[in-house]
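One structure below.
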Amino acid sequence: MLRALHRWPGLLAAVLLLALSLSGAALSVFPAVERLGTIQPAPEQSVADLAARVTATHPAVEQIRRAPSGRITAYWFDGDSAGAAVIDPATGQDAGSADPSALQAWLSDFHRALLMEDAGRWTTALGALAMLVLALSGAALIARRQGGWHRLLAPMRGPAANRWHAELARAAVLTLTLSYLTALWMTASTFDLLPTDEANPAFPAEVSGLTGLSPADMPALAAVPVTDLRDLTFPYPGDATDVFTLTTASGTGYVDQGTGALLAWETPGPWTRVGEWIYLLHTGEGAALWGLLLGLLTLSVPVLSVTGTLIWLRARKARPALPGIVRADRAETILLVASEGGTTWGFARALGQALQQAGGSVHLAPLSDFAPAGYGPAKRILILAATWGDGDAPASAKGMVERIAATRPHPTAPLAILGFGDRSFPAYCAFAERLEIAAQQAGWSMLLPLDRIDRQSPQAFARWTRALGDAIGTPLDVTHQPALPLGTVLTLASRRDHGEAVQAPTAILRFALQRRGLLDRLAGRGLPRFQPGDLLGILPEGSTVPRYYSLASGSADGFAEIVVRKHPGGLCSGQLVNLAPGQTIRAFVRPNPAFHPDRSNAPLLLIGAGTGIGPLAGFIRANRIKRPVHLWFGARHRFADFLYETDLADWTAEGRLTTTTTAFSRTGNRQHVQDCLRADADRIRALVAQGARIMVCGGRDMARGVHEALADILAPLHLSPEGLKREGRYAEDSY
Ligand SMILES: Cc1cc2nc3c(=O)[nH]c(=O)nc-3n(C[C@H](O)[C@H](O)[C@H](O)COP(=O)(O)O)c2cc1C
């Protein structure tokens, strides 16, 4: 619902909103330009002095106005023709034309009313309303993705396009919300839909009846500095009963034209004051810098429209279509999916089709759409959930554990959760497990106990569907074989060999990247963009199961680099370690957003051993902003498997790497990387206290040892690796 609320007004109003935001951004420049081009009065100059000077130049002056920028304009009547000019307050002489530039006038009319008078005003008001809905639903979506409003400002994670969209929206949302609210207020005010104050004080019952006093000698005008003036309207010529009307920042009053005395005065009421603030906040008139900031942030709207549309299109593409799908409030089976790589959707679709063929009605949606209040006569809710990162939820399902824990169970539909994962990860199907615990705590009745599918096993899935069929009284036996990515052919460009001497043959393999033209990108040919820490999936000959290697380079480096150690009997590692330059493999990229460094300037502590140095080396090579990076690296022997030794020296000289600490387990004092960490405990504590982020990569035993060492090191700071992980400051990639 929230997502639909965010999506449809966004798409429908996109063109209108683009036009409004671009014209608004362009208009925001004018107050600043006007302010810069305006001759400001001397601080001590009075309205009496200004009025006398203007009268000397234009004896038939009717009105003097001062704009929020300080620009003073005089209006007069010359015989039959009206005249107006911008005035130099020091001389009272004309200093320029009073007509706004044609461009500004056109832009204002377009921005306010789409050049269509009242019909246009209502349309722009509708646009502002759509934007308000977008801004508020967007803020709620960010809060949901972040795991609650209290984490709204916490560092963001997830795929780059979604993160960029959310980061930009988060930066602009407050200002934009203010801008749309003020726009709506101004429209309501234009159509007299708001209460108003009494405009002016009551006209004085008695005046002196005298005329001819020079404004220079009027005490009421002498008491007001020009910098306070808003408007001075002169009495009608020859009418001794008429008066001057003076408006300043603090009110409106009448001045006797014969004596120059103040006859009446009224301060503006609350509605007038609020209206003035609203006008200032929306236009930046009178606050040029605010106007520029507003204009700048308004420019985020076109960017958000484009990134938002891309995210939506990508999500649509990732979600396989299920013909015959029904709405959530009409379906017997609600089938919800949490997926990062997309394969779980294939299983869900196969199950959905089987249920439909058995005569059932199915609603298929991402888990983030979970909203039991909207599931009418549902008989069951099935959740298929993959686990990513290090036991994490897929990016699109962040915050779902908390949501399920806080949602009241559906009155008729029990729940079944099926985890998708990989048994070789320490946190096997951990996200699905957390969902199950949350559901049980919230009081849901479970249709089936939690089950897990290891490495997309078709047999395990078929077994689970049989159990599901038994539980719902409909025979089911669904087989689904996920299609393997075709992959791209990569040619080995160079290799560097290490580790033979310590019986751990290891190679740094660098594959050439073909340049991808626009056509290749559109057709999905070649490797997509990737960053160090993402995964290169390799399809070894003789197996249909891909193996994943952490990338030690980003596509910006112009090559794909991985570090491979030959495992005894290992099919893929054996083929890779024997690969000669010029030979090829088939590979594809899997994003791994949970193991990307953040973009801050805070220190980065990289800890790795053996081939775990791969992505860490990639992070250091990509550290073009030269943030402080400290590396702890463990290997067997300095002269045998000190991977990237010369590169690390070069990166240190270039400022990309701040310190390197090594531990060798087969020489000298035979240390492991966690021993060096303990020896460096004070330094690590100081860096963590500065906001450092920690990234660990390597074998599972090493990762466990590092985790324990860091738990001890951080305890005096009342911090722990788990706590840092929750804040997005501790990431582990172990195998
Ligand atoms: C980078 C990465 C991290 C993973 N982390 C875990 C994990 O911590 N626990 C787990 O059980 N499975 C993990 N897996 C395995 C996936 O959950 C499994 O491949 C799943 O079938 C993917 O489903 P999806 O393509 O729908 O996202 C990970 C896979 C990758 C590529």
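Identifiers for the structure tokens are assigned positionally: chains receive A, B, ... in sequence, residues are indexed from 1 per chain, and ligands are indexed from 1 in the order shown.
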
Considering only C-alpha atoms, return as a ChimeraX atom specification whatever protein or nucleic-acid residues lie within 10 Å of range 15-32 of chain A, sequence-local ones (same chain, fewer than 4 positions apart) excluded. /A:10-11,36-37,67-69,101,103-114,123-124,126-128,130-131,282-303,305

Throw together the list of residues within 7 Å of ligand 1, counting only C-alpha atoms and all ligand atoms, and drop it here as a ChimeraX atom specification. /A:338-345,386-392,394,420-423,425-430,455-456,535,590,592

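Across the structure, CA of Ser494 in chain A and CA of Gln583 in chain A are spaced 10.2 Å apart.
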
Skip Ala689 in chain A itself and residues of its chain fewer than 2 positions away, then list as a PDB file with C-alpha atoms, in the first residue's frame all residues within 12 Å of it, counting only C-alpha atoms.
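Wrote it out as around07.pdb, contents follow:
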ATOM      1  CA  ALA A 602      36.092   7.568   8.699  1.00  0.00           C
ATOM      2  CA  PRO A 603      39.040   5.181   9.111  1.00  0.00           C
ATOM      3  CA  ASP A 682      45.051   0.460  21.955  1.00  0.00           C
ATOM      4  CA  ARG A 683      45.392   1.685  18.385  1.00  0.00           C
ATOM      5  CA  ILE A 684      42.274  -0.204  17.308  1.00  0.00           C
ATOM      6  CA  ARG A 685      40.254   1.200  20.202  1.00  0.00           C
ATOM      7  CA  ALA A 686      41.361   4.740  19.281  1.00  0.00           C
ATOM      8  CA  LEU A 687      40.371   4.219  15.635  1.00  0.00           C
ATOM      9  CA  GLY A 691      34.072   6.047  14.012  1.00  0.00           C
ATOM     10  CA  ALA A 692      36.131   3.449  12.121  1.00  0.00           C
ATOM     11  CA  ARG A 693      34.407   0.750  10.058  1.00  0.00           C
ATOM     12  CA  ILE A 713      39.518  -5.370  22.407  1.00  0.00           C
ATOM     13  CA  LEU A 714      36.258  -3.408  22.168  1.00  0.00           C
ATOM     14  CA  PRO A 716      36.448  -1.539  27.449  1.00  0.00           C
ATOM     15  CA  LEU A 717      34.631   0.852  25.049  1.00  0.00           C
ATOM     16  CA  HIS A 718      31.349  -0.955  25.835  1.00  0.00           C
ATOM     17  CA  LEU A 719      31.202  -1.930  22.156  1.00  0.00           C
ATOM     18  CA  LEU A 724      29.006  -2.411  15.334  1.00  0.00           C
ATOM     19  CA  ARG A 729      30.274  -0.646  10.929  1.00  0.00           C
TER      20      ARG A 729
END

Distance query Tyr236 in chain A at most 12 Å, only C-alpha atoms, self and fewer than 2 positions along chain excluded, as an MDAnalysis selection string: chainID A and resid 60:63 76:77 211 233:234 238:245 257

Residue selection dump (N, CA and C atoms) as a compact mmCIF listing (two decimals), in the first residue's frame:
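What landed in selection_38.txt:
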# COMPACT_ATOMS: atom_id res chain seq x y z
N ALA A 60 4.43 63.86 -9.36
CA ALA A 60 3.11 63.21 -9.28
C ALA A 60 3.22 61.78 -8.76
N VAL A 61 4.20 61.51 -7.89
CA VAL A 61 4.38 60.14 -7.39
C VAL A 61 3.15 59.69 -6.59
N GLU A 62 2.74 58.45 -6.80
CA GLU A 62 1.56 57.92 -6.09
C GLU A 62 1.96 56.90 -5.04
N GLN A 63 3.04 56.19 -5.31
CA GLN A 63 3.38 55.08 -4.41
C GLN A 63 4.87 54.78 -4.50
N TRP A 76 4.07 56.58 -10.55
CA TRP A 76 3.50 57.92 -10.64
C TRP A 76 2.54 58.00 -11.82
N PHE A 77 1.89 59.12 -11.89
CA PHE A 77 0.96 59.35 -12.99
C PHE A 77 1.38 60.61 -13.69
N THR A 211 -2.65 70.97 3.60
CA THR A 211 -1.86 70.29 2.56
C THR A 211 -0.56 71.05 2.36
N THR A 233 1.95 54.95 0.23
CA THR A 233 1.00 55.43 -0.78
C THR A 233 0.67 56.88 -0.48
N PHE A 234 0.78 57.73 -1.51
CA PHE A 234 0.59 59.18 -1.32
C PHE A 234 -0.90 59.52 -1.36
N GLY A 238 -4.75 67.06 -4.39
CA GLY A 238 -5.84 68.03 -4.28
C GLY A 238 -6.92 67.62 -3.31
N ASP A 239 -6.84 66.40 -2.73
CA ASP A 239 -7.86 65.97 -1.77
C ASP A 239 -7.32 66.16 -0.35
N ALA A 240 -7.75 67.26 0.32
CA ALA A 240 -7.21 67.61 1.64
C ALA A 240 -7.64 66.61 2.71
N THR A 241 -8.67 65.76 2.41
CA THR A 241 -9.13 64.80 3.44
C THR A 241 -8.35 63.49 3.36
N ASP A 242 -7.57 63.35 2.31
CA ASP A 242 -6.84 62.08 2.14
C ASP A 242 -5.55 62.08 2.97
N VAL A 243 -4.95 60.90 3.13
CA VAL A 243 -3.77 60.74 4.01
C VAL A 243 -2.70 59.88 3.30
N PHE A 244 -1.48 59.88 3.85
CA PHE A 244 -0.46 58.93 3.43
C PHE A 244 -0.76 57.58 4.09
N THR A 245 -0.60 56.48 3.36
CA THR A 245 -0.70 55.15 3.98
C THR A 245 0.70 54.54 4.02
N GLN A 257 -1.29 64.54 5.91
CA GLN A 257 -0.47 65.20 4.90
C GLN A 257 -0.19 66.65 5.25
